[in-house]
Amino acid sequence: MPRGTLLRKRVYERRRISTKYGRWRSLFLKNLHLLLLRPLLFCCRRRRETAGVGRRVLEEMLSLVLPRPGALFGVGGGSPRKGARPCCASLREMEKPPAERLRGPAPEMPGIREAKRVVLVRHGQSTWNEEGRIQGSSDHSVLTPKGESQAETSRQMLLSDSFDACFTSPLIRSRRTAEVIWGARKEEMITDADLREIDLYSFQGLLKHEGKEKFGSAFRQWQKDAANFSIDGHYPVRELWDRARGCWNRILAHDGKSVLVVAHNAVNQALVATALGLGTEYFRILLQSNCGVSVLDFIPKFDGGRPDISLNRLNQTPNSPIAAGSSGGRKTSKRIVLVCQGVTQSSSEVSLANIGYEPMNMLGVIQSQKTAELLLDLNVNTILCSPRIAAVDTATAISEVQEAADCLGADCMPRNVEVKKMLDLEVEPIFQQTRKKLEETTVSQSGWLHGFDDRVLEELWNKSKKAWQTLVQELSNDESKADGNLVVVGHPAIHKALLSHCLKLTMDWIPYFHLDSGSISVIDFPDGPAGRGVVRCTNYTAHLGRWSIPITRSTSDDEEF
């Protein structure tokens with residue numbers, strides 16, 4: 001073989017070997033994080049708290065090898081460059097459905113030094129609300145006499161709250177509501193332009209039927225797929241969510257411990273959703289009625305990271321939340337009412353020793369009777385409850401009042417209200433079996449479930465998943481009836497999990513809902529049981545009377561309030 005040919009062959013072999021080695025070296029370096037960081041990732045995933053310095057250091061290390069920062073934690077970040085292939089760790093997360101990728105609220109909230117409560121109020125009924133005209137961020141409507149009355153009722157409702165500051169939208173209808181509620185307080189109200197209502201551009205000022213006629217498919221998209229709706233080159237809901245995040249930075253930076261925020265329907269939805277780490281797909285899922293009150297509690301962390309957040313209540317109004325009406329502008333006839341059982345001696349003392357084995361105390365009996373009276377607005381045929389004593393007694397009180405209400409007139413037609421005991425609603429054994437000692441259990445303002453480890457939450461989550469599927473199926477079985485109302489009675493913990501299932505979240509959100517004994521939460525299904533649930537209210541307690549203004553019954557459509 002000629003010498004030149006031999007030399008060229010040797011060079012080719014060396015290049016081939018070098019290339020092969022280079023590929024293996026590149027593959028090794030690309031997946032080095034799997035070898036070095038997998039134990040650390042495993043530990044982080046087993047812990048419920050991954051914020052702080054350790055997490056930030058880990059994210060910085062992962063950013064060197066991952067195409068998308070924060071992907072392993074379900075956190076937002078820069079998208080991968082076009083054409084880039086995600087590495088193995090991020091690929092598994094990206095292939096999951098959105099609900100499965102959620103691992104708790106995204107860390108966009110600024111840290112706080114001390115606990116803070118934020119009370120959100122929507123303005124009272126406006127002239128354009130009354131006309132059915134699309135308002136958006138226009139400033140041409142004012143409060144109607146009914147809206148003025150609603151604002152005054154909200155003032156009485158919040159009379160015992162000592163606010164340190166009031167943030168308000170600059171629009172007339174919101175600012176007037178804030179003036180009524182704020183009253184004669186000396187502190188000046190803070191006007192924030194980003195608290196204005198959603199910008200709807202060419203839609204603003206049109207009656208709804210005019211919007212349908214003029215914009216056709218665009219208006220239908222606004223009704224059916226608002227998160228992706230665009231008009232005049234803008235995406236209104238996405239812009240609103242960005243504004244809401246900026247508002248939280250300013251609200252939480254204020255020194256006040258108790259802050260009142262008076263704004264609008266859509267922006268209040270965005271504030272609640274962004275606080276909980278929920279995206280634009282939750283628009284119109286967390287209802288806000290005129291002068292409805294929502295409360296968020298923020299508890300600081302020792303490391304100064306994102307505070308613990310509790311949705312203390314959603315859309316509390318002085319009128320009945322279960323009166324017939326619409327949900328987010330859509331008529332609804334299918335509904336699940338979650339009733340928290342009356343208080344027992346053990347629950348009032350925050351003890352786990354005899355949880356579930358005690359009957360209600362006198363306060364619990366009163367709560368169950370008040371709830372039974374509230375539910376007279378519903379025609380209830382079936383009640384599902386936990387087999388524990390307090391839940392059964394609460395369900396029995398509701399059924400007896402329902403049956404008695406039909407026999408008040410001369411033509412009495414006795415009606416049997418069936419009470420079914422459901423084992424999947426029984427969660428007390430899960431807490432009794434926990435290995436944590438009672439004194440180690442953290443009881444905080446944001447929900448006592450923070451004190452339990454992941455094993456307990458996983459058991460609760462798995463059991464509540466079966467319960468939720470049964471409830472939806474039970475509601476579907478009533479399709480032959482015009483009104484399908486399902487009342488579910490149980491411990492507050494199971495209802496927190498059911499709310500998370502309704503919103504298609506993960507178990508990490510369970511502690512972020514606060515529910516009191518005797519409270520009710522209402523879920524509407526405007527598209528039927530197979531459709532998405534709309535949360536009308538959570539932790540509603542106005543009917544209990546002692547701690548809230550008594551309910552004012554309304555014979556008109558409750559969507560106006």
# chains A, B, ... in the order shown; residues from 1 in each chain; ligands from 1

call {"tool": "residues_around", "arguments": {"residues": "Ala467 (chain A)", "least_positions_apart": "5", "cutoff": "9 Å", "atoms": "only C-alpha atoms", "output": "ChimeraX atom specification"}}
result
/A:422-425,462,472,498

call {"tool": "residues_around", "arguments": {"residues": "region 386-395 of chain A", "least_positions_apart": "4", "cutoff": "6 Å", "atoms": "only C-alpha atoms", "output": "PDB file with N, CA and C atoms, in the first residue's frame"}}
result
ATOM      1  N   GLN A 341     -68.769  20.106  58.379  1.00  0.00           N
ATOM      2  CA  GLN A 341     -69.529  19.678  59.549  1.00  0.00           C
ATOM      3  C   GLN A 341     -69.389  20.679  60.695  1.00  0.00           C
ATOM      4  N   GLY A 356     -63.062  12.912  65.028  1.00  0.00           N
ATOM      5  CA  GLY A 356     -64.045  12.103  64.307  1.00  0.00           C
ATOM      6  C   GLY A 356     -64.934  11.261  65.194  1.00  0.00           C
ATOM      7  N   PRO A 359     -69.370  13.827  69.018  1.00  0.00           N
ATOM      8  CA  PRO A 359     -70.484  14.542  68.388  1.00  0.00           C
ATOM      9  C   PRO A 359     -70.227  16.046  68.416  1.00  0.00           C
ATOM     10  N   MET A 360     -71.071  16.789  67.764  1.00  0.00           N
ATOM     11  CA  MET A 360     -70.923  18.247  67.766  1.00  0.00           C
ATOM     12  C   MET A 360     -71.228  18.803  69.157  1.00  0.00           C
ATOM     13  N   SER A 368     -74.987  23.762  62.351  1.00  0.00           N
ATOM     14  CA  SER A 368     -75.677  22.846  61.439  1.00  0.00           C
ATOM     15  C   SER A 368     -77.103  23.321  61.160  1.00  0.00           C
ATOM     16  N   LYS A 421     -74.106   7.508  53.474  1.00  0.00           N
ATOM     17  CA  LYS A 421     -72.775   7.563  54.075  1.00  0.00           C
ATOM     18  C   LYS A 421     -71.743   7.081  53.055  1.00  0.00           C
ATOM     19  N   MET A 422     -70.686   7.847  52.915  1.00  0.00           N
ATOM     20  CA  MET A 422     -69.691   7.574  51.876  1.00  0.00           C
ATOM     21  C   MET A 422     -68.308   7.436  52.520  1.00  0.00           C
ATOM     22  N   LEU A 425     -65.311   9.810  51.958  1.00  0.00           N
ATOM     23  CA  LEU A 425     -65.321  11.136  52.577  1.00  0.00           C
ATOM     24  C   LEU A 425     -64.770  11.100  53.995  1.00  0.00           C
ATOM     25  N   GLU A 426     -64.449   9.916  54.489  1.00  0.00           N
ATOM     26  CA  GLU A 426     -63.944   9.769  55.861  1.00  0.00           C
ATOM     27  C   GLU A 426     -62.423   9.925  55.864  1.00  0.00           C
ATOM     28  N   VAL A 489     -71.311  16.564  52.932  1.00  0.00           N
ATOM     29  CA  VAL A 489     -70.960  16.967  54.297  1.00  0.00           C
ATOM     30  C   VAL A 489     -69.744  16.176  54.756  1.00  0.00           C
ATOM     31  N   GLY A 490     -68.756  16.881  55.295  1.00  0.00           N
ATOM     32  CA  GLY A 490     -67.564  16.202  55.780  1.00  0.00           C
ATOM     33  C   GLY A 490     -66.642  17.136  56.525  1.00  0.00           C
TER      34      GLY A 490
END

call {"tool": "closest_residue", "arguments": {"among": "A:Cys247, A:Met189, A:Leu143, A:Ala253", "to": "Pro110 (chain A)", "atoms": "only C-alpha atoms"}}
result
A:Ala253

call {"tool": "select_by_dssp", "arguments": {"residues": "region 99-239 of chain A", "states": "strand (DSSP E)", "output": "list in words"}}
result
Lys116, Arg117, Val118, Val119, Leu120, Val121, Arg122, Ala165, Cys166, Phe167, Thr168, Ile190 and Thr191 of chain A

call {"tool": "write_last_selection", "arguments": {"atoms": "N, CA and C atoms", "output": "CSV table (one decimal), in the first residue's frame"}}
result
chain,number,residue,atom,x,y,z
A,116,LYS,N,-49.6,39.3,56.7
A,116,LYS,CA,-50.4,40.3,56.1
A,116,LYS,C,-51.7,39.7,55.6
A,117,ARG,N,-52.8,40.5,55.7
A,117,ARG,CA,-54.1,40.1,55.2
A,117,ARG,C,-54.5,41.1,54.1
A,118,VAL,N,-55.0,40.6,53.0
A,118,VAL,CA,-55.5,41.4,51.9
A,118,VAL,C,-56.9,41.1,51.6
A,119,VAL,N,-57.8,42.1,51.7
A,119,VAL,CA,-59.2,41.9,51.4
A,119,VAL,C,-59.6,42.5,50.1
A,120,LEU,N,-60.0,41.7,49.2
A,120,LEU,CA,-60.4,42.2,47.8
A,120,LEU,C,-61.9,42.4,47.8
A,121,VAL,N,-62.4,43.5,47.2
A,121,VAL,CA,-63.8,43.8,47.1
A,121,VAL,C,-64.0,44.2,45.6
A,122,ARG,N,-65.0,43.7,45.0
A,122,ARG,CA,-65.5,44.1,43.7
A,122,ARG,C,-66.5,45.3,43.9
A,165,ALA,N,-54.5,50.4,55.0
A,165,ALA,CA,-54.3,51.0,53.7
A,165,ALA,C,-55.4,50.5,52.8
A,166,CYS,N,-55.8,51.4,51.8
A,166,CYS,CA,-56.8,51.0,50.8
A,166,CYS,C,-56.2,51.3,49.5
A,167,PHE,N,-56.1,50.3,48.6
A,167,PHE,CA,-55.7,50.4,47.2
A,167,PHE,C,-57.0,50.4,46.4
A,168,THR,N,-57.1,51.3,45.4
A,168,THR,CA,-58.3,51.3,44.6
A,168,THR,C,-58.0,51.5,43.1
A,190,ILE,N,-55.0,54.8,48.1
A,190,ILE,CA,-53.9,54.7,47.1
A,190,ILE,C,-54.5,54.3,45.8
A,191,THR,N,-54.4,55.1,44.8
A,191,THR,CA,-54.9,54.8,43.4
A,191,THR,C,-53.9,54.1,42.6

call {"tool": "atom_distance", "arguments": {"atom1": "CA of Glu130 (chain A)", "atom2": "CA of Lys146 (chain A)"}}
result
9.8 Å

call {"tool": "atom_distance", "arguments": {"atom1": "CA of Leu475 (chain A)", "atom2": "CA of Pro529 (chain A)"}}
result
6.4 Å

call {"tool": "atom_distance", "arguments": {"atom1": "CA of Ala266 (chain A)", "atom2": "CA of Ser320 (chain A)"}}
result
21.7 Å

call {"tool": "closest_residue", "arguments": {"among": "A:Leu374, A:Ala397, A:Leu276, A:Leu260", "to": "Pro511 (chain A)", "atoms": "only C-alpha atoms"}}
result
A:Leu276

call {"tool": "residues_around", "arguments": {"residues": "Lys257 (chain A)", "least_positions_apart": "2", "cutoff": "8 Å", "atoms": "only C-alpha atoms", "output": "PyMOL selection string"}}
result
chain A and resi 114-117+163-164+255+259

call {"tool": "write_last_selection", "arguments": {"atoms": "C-alpha atoms", "output": "CSV table (one decimal), in the first residue's frame"}}
result
chain,number,residue,atom,x,y,z
A,114,GLU,CA,-44.7,39.9,58.9
A,115,ALA,CA,-48.1,38.4,58.3
A,116,LYS,CA,-50.4,40.3,56.1
A,117,ARG,CA,-54.1,40.1,55.2
A,163,PHE,CA,-57.4,48.4,57.7
A,164,ASP,CA,-54.1,50.1,57.4
A,255,ASP,CA,-46.1,48.4,55.5
A,259,VAL,CA,-54.9,46.0,53.3

call {"tool": "decode", "arguments": {"residues": "region 209-256 of chain A", "atoms": "N, CA and C atoms", "output": "PDB file, in the first residue's frame"}}
result
ATOM      1  N   HIS A 209     -75.290  41.673  22.607  1.00  0.00           N
ATOM      2  CA  HIS A 209     -75.790  41.228  21.303  1.00  0.00           C
ATOM      3  C   HIS A 209     -75.107  42.007  20.166  1.00  0.00           C
ATOM      4  N   GLU A 210     -74.677  43.250  20.445  1.00  0.00           N
ATOM      5  CA  GLU A 210     -73.940  44.014  19.446  1.00  0.00           C
ATOM      6  C   GLU A 210     -72.558  43.414  19.227  1.00  0.00           C
ATOM      7  N   GLY A 211     -71.939  42.950  20.309  1.00  0.00           N
ATOM      8  CA  GLY A 211     -70.634  42.298  20.182  1.00  0.00           C
ATOM      9  C   GLY A 211     -70.708  41.047  19.337  1.00  0.00           C
ATOM     10  N   LYS A 212     -71.783  40.260  19.529  1.00  0.00           N
ATOM     11  CA  LYS A 212     -71.964  39.047  18.737  1.00  0.00           C
ATOM     12  C   LYS A 212     -72.141  39.384  17.262  1.00  0.00           C
ATOM     13  N   GLU A 213     -72.958  40.402  16.978  1.00  0.00           N
ATOM     14  CA  GLU A 213     -73.231  40.762  15.585  1.00  0.00           C
ATOM     15  C   GLU A 213     -72.008  41.362  14.895  1.00  0.00           C
ATOM     16  N   LYS A 214     -71.257  42.186  15.601  1.00  0.00           N
ATOM     17  CA  LYS A 214     -70.158  42.930  14.975  1.00  0.00           C
ATOM     18  C   LYS A 214     -68.885  42.114  14.857  1.00  0.00           C
ATOM     19  N   PHE A 215     -68.618  41.256  15.864  1.00  0.00           N
ATOM     20  CA  PHE A 215     -67.324  40.563  15.897  1.00  0.00           C
ATOM     21  C   PHE A 215     -67.426  39.059  15.689  1.00  0.00           C
ATOM     22  N   GLY A 216     -68.615  38.503  15.743  1.00  0.00           N
ATOM     23  CA  GLY A 216     -68.815  37.094  15.403  1.00  0.00           C
ATOM     24  C   GLY A 216     -67.882  36.130  16.107  1.00  0.00           C
ATOM     25  N   SER A 217     -66.939  35.549  15.354  1.00  0.00           N
ATOM     26  CA  SER A 217     -66.050  34.508  15.889  1.00  0.00           C
ATOM     27  C   SER A 217     -65.179  35.032  17.017  1.00  0.00           C
ATOM     28  N   ALA A 218     -64.757  36.300  16.944  1.00  0.00           N
ATOM     29  CA  ALA A 218     -63.932  36.864  18.016  1.00  0.00           C
ATOM     30  C   ALA A 218     -64.721  36.919  19.321  1.00  0.00           C
ATOM     31  N   PHE A 219     -65.995  37.282  19.234  1.00  0.00           N
ATOM     32  CA  PHE A 219     -66.817  37.336  20.440  1.00  0.00           C
ATOM     33  C   PHE A 219     -67.048  35.930  20.999  1.00  0.00           C
ATOM     34  N   ARG A 220     -67.219  34.959  20.114  1.00  0.00           N
ATOM     35  CA  ARG A 220     -67.394  33.570  20.576  1.00  0.00           C
ATOM     36  C   ARG A 220     -66.132  33.072  21.269  1.00  0.00           C
ATOM     37  N   GLN A 221     -64.959  33.460  20.741  1.00  0.00           N
ATOM     38  CA  GLN A 221     -63.711  33.061  21.393  1.00  0.00           C
ATOM     39  C   GLN A 221     -63.596  33.714  22.771  1.00  0.00           C
ATOM     40  N   TRP A 222     -64.028  34.968  22.888  1.00  0.00           N
ATOM     41  CA  TRP A 222     -64.007  35.656  24.176  1.00  0.00           C
ATOM     42  C   TRP A 222     -64.878  34.913  25.190  1.00  0.00           C
ATOM     43  N   GLN A 223     -65.976  34.322  24.726  1.00  0.00           N
ATOM     44  CA  GLN A 223     -66.861  33.596  25.625  1.00  0.00           C
ATOM     45  C   GLN A 223     -66.344  32.196  25.945  1.00  0.00           C
ATOM     46  N   LYS A 224     -65.754  31.516  24.961  1.00  0.00           N
ATOM     47  CA  LYS A 224     -65.375  30.111  25.123  1.00  0.00           C
ATOM     48  C   LYS A 224     -63.911  29.903  25.491  1.00  0.00           C
ATOM     49  N   ASP A 225     -63.019  30.764  25.001  1.00  0.00           N
ATOM     50  CA  ASP A 225     -61.580  30.566  25.205  1.00  0.00           C
ATOM     51  C   ASP A 225     -60.919  31.915  25.478  1.00  0.00           C
ATOM     52  N   ALA A 226     -61.326  32.537  26.584  1.00  0.00           N
ATOM     53  CA  ALA A 226     -60.878  33.899  26.886  1.00  0.00           C
ATOM     54  C   ALA A 226     -59.363  33.995  27.068  1.00  0.00           C
ATOM     55  N   ALA A 227     -58.736  32.930  27.572  1.00  0.00           N
ATOM     56  CA  ALA A 227     -57.295  32.975  27.825  1.00  0.00           C
ATOM     57  C   ALA A 227     -56.497  33.218  26.546  1.00  0.00           C
ATOM     58  N   ASN A 228     -57.001  32.731  25.412  1.00  0.00           N
ATOM     59  CA  ASN A 228     -56.307  32.894  24.130  1.00  0.00           C
ATOM     60  C   ASN A 228     -56.990  33.910  23.219  1.00  0.00           C
ATOM     61  N   PHE A 229     -57.943  34.639  23.756  1.00  0.00           N
ATOM     62  CA  PHE A 229     -58.685  35.625  22.980  1.00  0.00           C
ATOM     63  C   PHE A 229     -57.800  36.831  22.656  1.00  0.00           C
ATOM     64  N   SER A 230     -57.850  37.284  21.408  1.00  0.00           N
ATOM     65  CA  SER A 230     -57.076  38.463  20.994  1.00  0.00           C
ATOM     66  C   SER A 230     -57.988  39.434  20.254  1.00  0.00           C
ATOM     67  N   ILE A 231     -57.715  40.721  20.415  1.00  0.00           N
ATOM     68  CA  ILE A 231     -58.477  41.762  19.740  1.00  0.00           C
ATOM     69  C   ILE A 231     -57.585  42.992  19.578  1.00  0.00           C
ATOM     70  N   ASP A 232     -57.637  43.606  18.430  1.00  0.00           N
ATOM     71  CA  ASP A 232     -56.850  44.809  18.129  1.00  0.00           C
ATOM     72  C   ASP A 232     -55.360  44.589  18.404  1.00  0.00           C
ATOM     73  N   GLY A 233     -54.890  43.362  18.167  1.00  0.00           N
ATOM     74  CA  GLY A 233     -53.473  43.079  18.360  1.00  0.00           C
ATOM     75  C   GLY A 233     -53.070  42.840  19.809  1.00  0.00           C
ATOM     76  N   HIS A 234     -54.036  42.657  20.704  1.00  0.00           N
ATOM     77  CA  HIS A 234     -53.751  42.451  22.127  1.00  0.00           C
ATOM     78  C   HIS A 234     -54.373  41.140  22.609  1.00  0.00           C
ATOM     79  N   TYR A 235     -53.777  40.587  23.672  1.00  0.00           N
ATOM     80  CA  TYR A 235     -54.335  39.443  24.381  1.00  0.00           C
ATOM     81  C   TYR A 235     -54.782  39.949  25.760  1.00  0.00           C
ATOM     82  N   PRO A 236     -56.043  40.368  25.911  1.00  0.00           N
ATOM     83  CA  PRO A 236     -56.486  41.044  27.133  1.00  0.00           C
ATOM     84  C   PRO A 236     -56.255  40.268  28.424  1.00  0.00           C
ATOM     85  N   VAL A 237     -56.564  38.956  28.427  1.00  0.00           N
ATOM     86  CA  VAL A 237     -56.432  38.191  29.677  1.00  0.00           C
ATOM     87  C   VAL A 237     -54.970  38.032  30.065  1.00  0.00           C
ATOM     88  N   ARG A 238     -54.104  37.805  29.084  1.00  0.00           N
ATOM     89  CA  ARG A 238     -52.672  37.681  29.383  1.00  0.00           C
ATOM     90  C   ARG A 238     -52.118  38.998  29.923  1.00  0.00           C
ATOM     91  N   GLU A 239     -52.534  40.104  29.318  1.00  0.00           N
ATOM     92  CA  GLU A 239     -52.094  41.413  29.809  1.00  0.00           C
ATOM     93  C   GLU A 239     -52.587  41.644  31.237  1.00  0.00           C
ATOM     94  N   LEU A 240     -53.816  41.207  31.524  1.00  0.00           N
ATOM     95  CA  LEU A 240     -54.384  41.378  32.855  1.00  0.00           C
ATOM     96  C   LEU A 240     -53.584  40.605  33.890  1.00  0.00           C
ATOM     97  N   TRP A 241     -53.197  39.388  33.575  1.00  0.00           N
ATOM     98  CA  TRP A 241     -52.413  38.576  34.515  1.00  0.00           C
ATOM     99  C   TRP A 241     -51.057  39.239  34.806  1.00  0.00           C
ATOM    100  N   ASP A 242     -50.440  39.816  33.792  1.00  0.00           N
ATOM    101  CA  ASP A 242     -49.164  40.521  33.999  1.00  0.00           C
ATOM    102  C   ASP A 242     -49.363  41.716  34.919  1.00  0.00           C
ATOM    103  N   ARG A 243     -50.466  42.437  34.730  1.00  0.00           N
ATOM    104  CA  ARG A 243     -50.752  43.591  35.585  1.00  0.00           C
ATOM    105  C   ARG A 243     -50.966  43.160  37.033  1.00  0.00           C
ATOM    106  N   ALA A 244     -51.688  42.043  37.213  1.00  0.00           N
ATOM    107  CA  ALA A 244     -51.995  41.567  38.564  1.00  0.00           C
ATOM    108  C   ALA A 244     -50.711  41.229  39.324  1.00  0.00           C
ATOM    109  N   ARG A 245     -49.750  40.624  38.645  1.00  0.00           N
ATOM    110  CA  ARG A 245     -48.483  40.290  39.317  1.00  0.00           C
ATOM    111  C   ARG A 245     -47.765  41.557  39.771  1.00  0.00           C
ATOM    112  N   GLY A 246     -47.814  42.591  38.936  1.00  0.00           N
ATOM    113  CA  GLY A 246     -47.205  43.857  39.329  1.00  0.00           C
ATOM    114  C   GLY A 246     -47.924  44.488  40.511  1.00  0.00           C
ATOM    115  N   CYS A 247     -49.256  44.354  40.556  1.00  0.00           N
ATOM    116  CA  CYS A 247     -50.020  44.892  41.680  1.00  0.00           C
ATOM    117  C   CYS A 247     -49.608  44.241  42.991  1.00  0.00           C
ATOM    118  N   TRP A 248     -49.398  42.930  42.962  1.00  0.00           N
ATOM    119  CA  TRP A 248     -49.016  42.233  44.193  1.00  0.00           C
ATOM    120  C   TRP A 248     -47.683  42.740  44.731  1.00  0.00           C
ATOM    121  N   ASN A 249     -46.761  43.059  43.857  1.00  0.00           N
ATOM    122  CA  ASN A 249     -45.472  43.587  44.314  1.00  0.00           C
ATOM    123  C   ASN A 249     -45.665  44.866  45.124  1.00  0.00           C
ATOM    124  N   ARG A 250     -46.562  45.738  44.675  1.00  0.00           N
ATOM    125  CA  ARG A 250     -46.788  46.999  45.384  1.00  0.00           C
ATOM    126  C   ARG A 250     -47.650  46.805  46.633  1.00  0.00           C
ATOM    127  N   ILE A 251     -48.642  45.937  46.550  1.00  0.00           N
ATOM    128  CA  ILE A 251     -49.508  45.709  47.711  1.00  0.00           C
ATOM    129  C   ILE A 251     -48.722  45.079  48.859  1.00  0.00           C
ATOM    130  N   LEU A 252     -47.926  44.063  48.545  1.00  0.00           N
ATOM    131  CA  LEU A 252     -47.168  43.375  49.599  1.00  0.00           C
ATOM    132  C   LEU A 252     -46.009  44.204  50.107  1.00  0.00           C
ATOM    133  N   ALA A 253     -45.542  45.170  49.309  1.00  0.00           N
ATOM    134  CA  ALA A 253     -44.454  46.038  49.759  1.00  0.00           C
ATOM    135  C   ALA A 253     -44.944  47.087  50.755  1.00  0.00           C
ATOM    136  N   HIS A 254     -46.257  47.302  50.824  1.00  0.00           N
ATOM    137  CA  HIS A 254     -46.799  48.285  51.765  1.00  0.00           C
ATOM    138  C   HIS A 254     -46.617  47.804  53.198  1.00  0.00           C
ATOM    139  N   ASP A 255     -46.412  48.746  54.121  1.00  0.00           N
ATOM    140  CA  ASP A 255     -46.137  48.394  55.515  1.00  0.00           C
ATOM    141  C   ASP A 255     -47.356  47.867  56.255  1.00  0.00           C
ATOM    142  N   GLY A 256     -48.552  48.131  55.744  1.00  0.00           N
ATOM    143  CA  GLY A 256     -49.759  47.740  56.454  1.00  0.00           C
ATOM    144  C   GLY A 256     -49.917  46.237  56.600  1.00  0.00           C
TER     145      GLY A 256
END
